[in-house]
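Beneath this line is the structure, given in structure tokens, with notes to follow.
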Amino acid sequence: MFLRDRWYVAALSKELTQKPLGRTICGEPIVFYRKTDGSPVALEDRCCHRQTKLSLGTIEGDELRCRYHGLKFNAQGRLIEIPSQKKIPSDAGVKCYPTLEDQNYIHIFIGDSDKALTTPHYTHHELSLEGWTSMQAQFNAECSWRLLVDNLMDFTHVPWSHKNTIGAAGLEATDEQTTERDNPDHVRLSRILRDIDPAPAHIKAFGYEGKVDRWQIVDFTPPSFMALTVGVAKAGTGMTNAAGDNLMLDRRTLHIATPETDSKTHYFWTTMHEKGALTEDQEKLIYEQSVETFHEDLVILEAQQERYTDTIPRVDLAADSALFQVRRVLDRLIENQSDHQPVP
Amino acid sequence: MFLRDRWYVAALSKELTQKPLGRTICGEPIVFYRKTDGSPVALEDRCCHRQTKLSLGTIEGDELRCRYHGLKFNAQGRLIEIPSQKKIPSDAGVKCYPTLEDQNYIHIFIGDSDKALTTPHYTHHELSLEGWTSMQAQFNAECSWRLLVDNLMDFTHVPWSHKNTIGAAGLEATDEQTTERDNPDHVRLSRILRDIDPAPAHIKAFGYEGKVDRWQIVDFTPPSFMALTVGVAKAGTGMTNAAGDNLMLDRRTLHIATPETDSKTHYFWTTMHEKGALTEDQEKLIYEQSVETFHEDLVILEAQQERYTDTIPRVDLAADSALFQVRRVLDRLIENQSDHQPVP
Amino acid sequence: MFLRDRWYVAALSKELTQKPLGRTICGEPIVFYRKTDGSPVALEDRCCHRQTKLSLGTIEGDELRCRYHGLKFNAQGRLIEIPSQKKIPSDAGVKCYPTLEDQNYIHIFIGDSDKALTTPHYTHHELSLEGWTSMQAQFNAECSWRLLVDNLMDFTHVPWSHKNTIGAAGLEATDEQTTERDNPDHVRLSRILRDIDPAPAHIKAFGYEGKVDRWQIVDFTPPSFMALTVGVAKAGTGMTNAAGDNLMLDRRTLHIATPETDSKTHYFWTTMHEKGALTEDQEKLIYEQSVETFHEDLVILEAQQERYTDTIPRVDLAADSALFQVRRVLDRLIENQSDHQPVP
């Protein structure tokens, strides 16, 4: 089940060109391209004539021509040319999806298009921080988007899943873990760890082997945006107030889990840090270690997808309170949404 | 759904030897081989004893021996030897299919064998034209046979699907397109195009870049035989009456779409032209371009198979009238056939 | 359907180390490892917290730690540590399976664990024969365990399936084939072949091309243990009493077909012969020929799995009497077992 009447991130800005890109979002096959003015277009990826993929076609100016019989659709999905005949059935065409581009992402509205204008898309304020720089990546996760959200709303897996990268002894502590709600749909989970061992990835990047303080804050916004603030400082040097040489890592990271199907997820990721805070080598290393960290997660999530069943007894942990709040938010929103889902 | 009580093309003549060939036709697993006199045999590809594939076995003279326990079947499928015992159950054996060989194809009768003798198989008169020569090919199409038939009963896709091969601007015109029926099961679609650009494939083959006339005629015969006559002549030189240097291409082509399963099709193709009408280089080039043309179709058809659904609104075009007549012929014939389909 | 409340062979002894081994037995996902004292452990391969595979985890002493959140389970499957919290739910954990190690195999009890102690596991007396030596192998068979049992309870396939290895003309004879029952669950099939041609594998191993006598005896014990005694001697030299230069081959072989799922089988094999009875070259050749023989069977069984259906008429042979007795034993035992199968 997907949460409908929502804006989803469908692609990185750089993925969209004047060549058609076929991609399934929330189970719906969609073709994306850019108009000549650069604005993004998203249409149903299935011709209304003989149903082959429009993503096999070609872009002509702002329009898309089907590769089978040359039927041409405008950027609103309206059928505007049938090469073999003059008469065009009124209202013929394919579904057009509202789109917008913001902060290097292409967003698409899945659900009742009439609601798109009055539904805000997710904007990440820190993606626009002046003087900050960002890195992006993208993964195909062979698991439900719900399992990926679970994974990101929970920090206690870090020492175990990621012991070769960002994990470290002491990271299991939840003494200073809190869960907050500033509105019924948001969930914030925060955690501070004092005087613990540095993680392998951080030793590699900063060459500092002494004790550290670390902090991890994640903000969940439906349908599946997780904004993280993480930091590492020398132990006892002020935690989130640390600065200068004492502050080693200070990052803002946005994780996005866009459903492809019930069991596949488009995973988008942007991480930001202050310009000049890292050397070029450190940046490269942080990026590589992050990618490795993702793959450590994916192995576990794909195994979870394979085993997952509702029919066995389950143990829930206190540390999971944030993810349970998120599960309840999503369950409530999905349950309350209108029933009519268009047949894909 | 398949059309039963019909002769289907199952293989090229050259595919059949004294080694067993396993192939599924209309969902039925079948083993083919040749007897010592060269005549083709088709038996159920499943031993009546322990059900392994008889196509793993060996041919002994006119008979087939199973590789599991050595049970021997004659060319009528009758069990004639059980190595471990003398008594052979009467009437034991596997289904035998009527077969015949004609015009370099092996035909098999699918349905009630009693009707085979009184049911004519498809013969293509032009395959026997004196002084003509032919080329053959064979493809596995990952789509329903119905989609392949649709594709061949429609010429207006040519300029779009095949723009790098046999397509050209102007080929979308249907002014001189007609559909005819000379009996309730036959459909003929014909089209003439005057004074249009030559196609890339034809420029390559004939080195002529001036305007051309082209004609395309296709005759559909159930279950799935499509006989094409196509030609290219210098514009204004007499169209189908063109001759000599003015007539560049004059071909007869037989397309056969034999169902393998509901979503896979054996695609057989023979093309013919008058001996001497083409140089050796031209023949080679025509063959290569044809194979490329097929692959252009298969990409589109396999995407169509992936997307096809009955649940969305559809736009039908005037140019599709022939394929709709064919669909109605096939729907009627399938609906009227007896219900009892043997369990595969 | 599987036969429950039984001991199954799950692995070769040498496969089990202090690294987790994930393997599905009778449709149940299981993780195996060894404790520090060497004894085998088998737990449900699915964490009771978030359901990822425990086989991704690490062994710490006698315990298994999940790779996702570091939950630790003892060798009885009891949850004994939750890194992020002190309180551990009473009785939390994963299913623990009874195991034992015997004769170089790891056995696991599938079913109601309370019955494990009072249910004997299969022991093969000849695996402990003094002065004998053994070779082991292991295969993944893409077929039902029932088809593999069928295959081993029937010798008449040998001349046809294995004509390049252990088959030979004359091996089809069943004159001296008998089936015996010494208790309702056991089936013994024996066969003697007199004065027949030697098999290719035996000519290669022993360099003797004269006529031979051969004997084959197989004992079936549920759920799926087949113990074979096979021999080859020079024709007329005493058959099973042959000795010295007249006795060429005298082997005891244990075949084990452990269900992985309904359509996949773990196939374990141990073959034994008297020390010194074979040269090193002969041993190597016998091993290689045996592996080739298995692959000859697997090709046929996997084709059988693909074709198998209950809906077509079947021919049963007199030579199959032993396998039909085994089928009836298994059907009866499965039918009589309690219904409650835990959801996998």
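In the structure tokens, chains take letters A, B, ... by order of appearance, with residues numbered from 1 within each chain and ligands from 1 in the order shown.
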Mind running chain C against chain B at 7 Å and telling me each contacting residue's nearest atom pair with the distance in Å (one decimal), counting only C-alpha atoms, chain and number ascending, as a tab-separated table?
residue	atom	partner	partner_atom	distance
C:Thr156	CA	B:His69	CA	6.2
C:His157	CA	B:His69	CA	4.3
C:Trp160	CA	B:Arg67	CA	5.4
C:Ser161	CA	B:Tyr68	CA	5.2
C:Glu172	CA	B:Ser84	CA	5.1
C:Ala173	CA	B:Ser84	CA	5.6
C:Thr174	CA	B:Ser84	CA	6.0
C:Ile300	CA	B:Thr52	CA	6.2
C:Leu301	CA	B:Thr52	CA	7.0
C:Ala303	CA	B:Thr52	CA	5.4
C:Gln304	CA	B:Thr52	CA	3.8
C:Arg307	CA	B:Gln51	CA	6.2
C:Tyr308	CA	B:Gln51	CA	5.9
C:Arg314	CA	B:Cys48	CA	5.2
C:Val315	CA	B:His49	CA	4.7
C:Asp316	CA	B:His49	CA	6.0
C:Ala319	CA	B:Ser84	CA	6.5
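Residues surrounding Val230 (chain A) within 9 Å are Arg214, Trp215, Gln216, Ile217, Val218, Leu249, Asp250, Arg251, Arg252 and Thr253 of chain A [only C-alpha atoms; sequence separation below 6 positions excluded].
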Which residues come within 10 Å of Gly38 (chain B), counting only C-alpha atoms, excluding same-chain residues fewer than 2 positions away, as a list in words?
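What passes the distance filter is Leu16, Thr17, Gln18, Tyr33, Arg34, Lys35, Thr36, Pro40, Val41, Asp62 and Glu101 of chain B.
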Return as a list in words the full set of residues in region 42-213 of chain C whose backbone-based DSSP assignment is helix (DSSP H, G or I).
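Residues of region 42-213 of chain C classed as helix (DSSP H, G or I): Leu54, Ser55, Leu56, Ser113, Asp114, Lys115, His125, Glu126, Leu127, Ser128, Trp145, Arg146, Leu147, Leu148, Val149, Asp150, Asn151, Leu152, Val158, Pro159, Trp160, Ser161, Pro200, Ala201, His202, Ile203, Lys204, Ala205 and Phe206 of chain C.
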How would you write, as a PyMOL selection string, the set of residues in region 133-339 of chain C that DSSP gives as strand (DSSP E or B)?
chain C and resi 133-141+177-180+187-196+212-221+225-234+247-261+264-274
Compile the contact shell of Met272 (chain A) as a tab-separated table (two decimals) with N, CA, C and O atoms, in the first residue's frame: residues with an atom at most 12 Å away, counting only C-alpha atoms, same-chain residues fewer than 5 positions apart removed.
chain	number	residue	atom	x	y	z
A	124	HIS	N	13.73	20.87	1.85
A	124	HIS	CA	14.69	20.65	2.93
A	124	HIS	C	15.50	21.93	3.09
A	124	HIS	O	16.36	22.24	2.28
A	125	HIS	N	15.19	22.69	4.15
A	125	HIS	CA	15.79	24.02	4.29
A	125	HIS	C	17.31	23.98	4.22
A	125	HIS	O	17.95	24.82	3.62
A	126	GLU	N	17.85	22.92	4.81
A	126	GLU	CA	19.31	22.91	4.87
A	126	GLU	C	19.97	22.64	3.52
A	126	GLU	O	21.16	22.87	3.36
A	127	LEU	N	19.18	22.16	2.57
A	127	LEU	CA	19.76	21.99	1.23
A	127	LEU	C	20.08	23.35	0.61
A	127	LEU	O	20.78	23.43	-0.40
A	128	SER	N	19.55	24.42	1.19
A	128	SER	CA	19.80	25.75	0.66
A	128	SER	C	20.71	26.57	1.55
A	128	SER	O	20.87	27.77	1.36
A	129	LEU	N	21.32	25.94	2.51
A	129	LEU	CA	22.22	26.67	3.43
A	129	LEU	C	23.35	27.32	2.64
A	129	LEU	O	24.06	26.65	1.88
A	130	GLU	N	23.52	28.58	2.87
A	130	GLU	CA	24.59	29.27	2.15
A	130	GLU	C	25.94	28.79	2.68
A	130	GLU	O	26.11	28.57	3.88
A	131	GLY	N	26.85	28.63	1.79
A	131	GLY	CA	28.19	28.23	2.21
A	131	GLY	C	28.32	26.73	2.46
A	131	GLY	O	29.34	26.27	2.94
A	132	TRP	N	27.26	25.98	2.14
A	132	TRP	CA	27.34	24.53	2.30
A	132	TRP	C	27.43	23.87	0.92
A	132	TRP	O	27.03	24.43	-0.08
A	133	THR	N	27.97	22.67	0.94
A	133	THR	CA	28.14	21.93	-0.31
A	133	THR	C	27.51	20.53	-0.14
A	133	THR	O	27.36	20.06	0.99
A	134	SER	N	27.15	19.92	-1.26
A	134	SER	CA	26.44	18.64	-1.11
A	134	SER	C	26.96	17.57	-2.06
A	134	SER	O	27.59	17.85	-3.07
A	135	MET	N	26.68	16.33	-1.68
A	135	MET	CA	26.98	15.16	-2.52
A	135	MET	C	25.71	14.33	-2.61
A	135	MET	O	24.96	14.24	-1.63
A	136	GLN	N	25.50	13.70	-3.76
A	136	GLN	CA	24.27	12.93	-3.96
A	136	GLN	C	24.57	11.49	-4.36
A	136	GLN	O	25.59	11.21	-4.98
A	227	ALA	N	15.29	13.48	7.38
A	227	ALA	CA	16.38	14.45	7.39
A	227	ALA	C	17.24	14.22	8.62
A	227	ALA	O	16.74	14.26	9.73
A	228	LEU	N	18.52	13.98	8.39
A	228	LEU	CA	19.42	13.68	9.50
A	228	LEU	C	20.42	14.79	9.75
A	228	LEU	O	20.96	15.39	8.80
A	229	THR	N	20.68	15.02	11.01
A	229	THR	CA	21.79	15.87	11.43
A	229	THR	C	22.71	14.98	12.25
A	229	THR	O	22.26	14.37	13.22
A	230	VAL	N	23.95	14.85	11.81
A	230	VAL	CA	24.88	14.01	12.59
A	230	VAL	C	26.19	14.77	12.79
A	230	VAL	O	26.59	15.60	11.96
A	231	GLY	N	26.81	14.50	13.91
A	231	GLY	CA	28.08	15.17	14.18
A	231	GLY	C	29.01	14.33	15.04
A	231	GLY	O	28.58	13.43	15.75
A	249	LEU	N	33.06	16.35	12.50
A	249	LEU	CA	32.06	16.11	11.45
A	249	LEU	C	30.76	16.80	11.82
A	249	LEU	O	30.29	16.69	12.96
A	250	ASP	N	30.19	17.49	10.87
A	250	ASP	CA	28.93	18.21	11.08
A	250	ASP	C	28.18	18.13	9.75
A	250	ASP	O	28.48	18.88	8.83
A	251	ARG	N	27.26	17.17	9.65
A	251	ARG	CA	26.60	16.93	8.36
A	251	ARG	C	25.08	17.00	8.48
A	251	ARG	O	24.51	16.69	9.51
A	252	ARG	N	24.47	17.40	7.37
A	252	ARG	CA	23.01	17.31	7.24
A	252	ARG	C	22.77	16.36	6.07
A	252	ARG	O	23.34	16.56	4.97
A	253	THR	N	21.94	15.38	6.28
A	253	THR	CA	21.74	14.39	5.24
A	253	THR	C	20.25	14.14	5.04
A	253	THR	O	19.52	13.98	6.02
A	254	LEU	N	19.85	14.11	3.78
A	254	LEU	CA	18.45	13.83	3.48
A	254	LEU	C	18.35	12.45	2.83
A	254	LEU	O	19.00	12.18	1.82
A	255	HIS	N	17.54	11.60	3.45
A	255	HIS	CA	17.29	10.26	2.90
A	255	HIS	C	15.86	10.22	2.41
A	255	HIS	O	14.94	10.60	3.14
A	277	ALA	N	34.95	22.65	5.36
A	277	ALA	CA	35.05	21.89	6.60
A	277	ALA	C	35.82	20.58	6.40
A	277	ALA	O	36.38	20.03	7.34
A	278	LEU	N	35.82	20.13	5.18
A	278	LEU	CA	36.52	18.89	4.87
A	278	LEU	C	37.52	19.13	3.74
A	278	LEU	O	37.27	19.93	2.85
A	283	GLU	N	36.41	14.52	1.92
A	283	GLU	CA	35.12	14.46	1.23
A	283	GLU	C	34.96	13.16	0.47
A	283	GLU	O	33.93	12.49	0.56
A	286	ILE	N	34.54	10.30	2.91
A	286	ILE	CA	33.21	10.31	3.52
A	286	ILE	C	32.18	9.76	2.53
A	286	ILE	O	31.31	8.97	2.90
A	287	TYR	N	32.33	10.16	1.28
A	287	TYR	CA	31.39	9.68	0.27
A	287	TYR	C	31.49	8.16	0.10
A	287	TYR	O	30.49	7.44	0.12
What is the distance between CA of Asn140 (chain C) and CA of His266 (chain C), in Å to one decimal?
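Calculated distance between CA of Asn140 (chain C) and CA of His266 (chain C) is 5.3 Å.
CA of Ile334 (chain A) is positioned 21.9 Å from CA of Thr99 (chain A).
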Could you pull the residues within 8 Å of Glu63 (chain C), counting only C-alpha atoms, minus those fewer than 4 positions along the same chain, as a ChimeraX atom specification?
/C:35,59,72-75
For Ala242 (chain C), list every protein, DNA or RNA residue within 9 Å, evaluated using only C-alpha atoms, and leave out those in the same chain fewer than 6 positions away; present the list as a list in words.
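The contact residues come out as Val232, Ala233, Lys234, Gly236 and Met248 of chain C.
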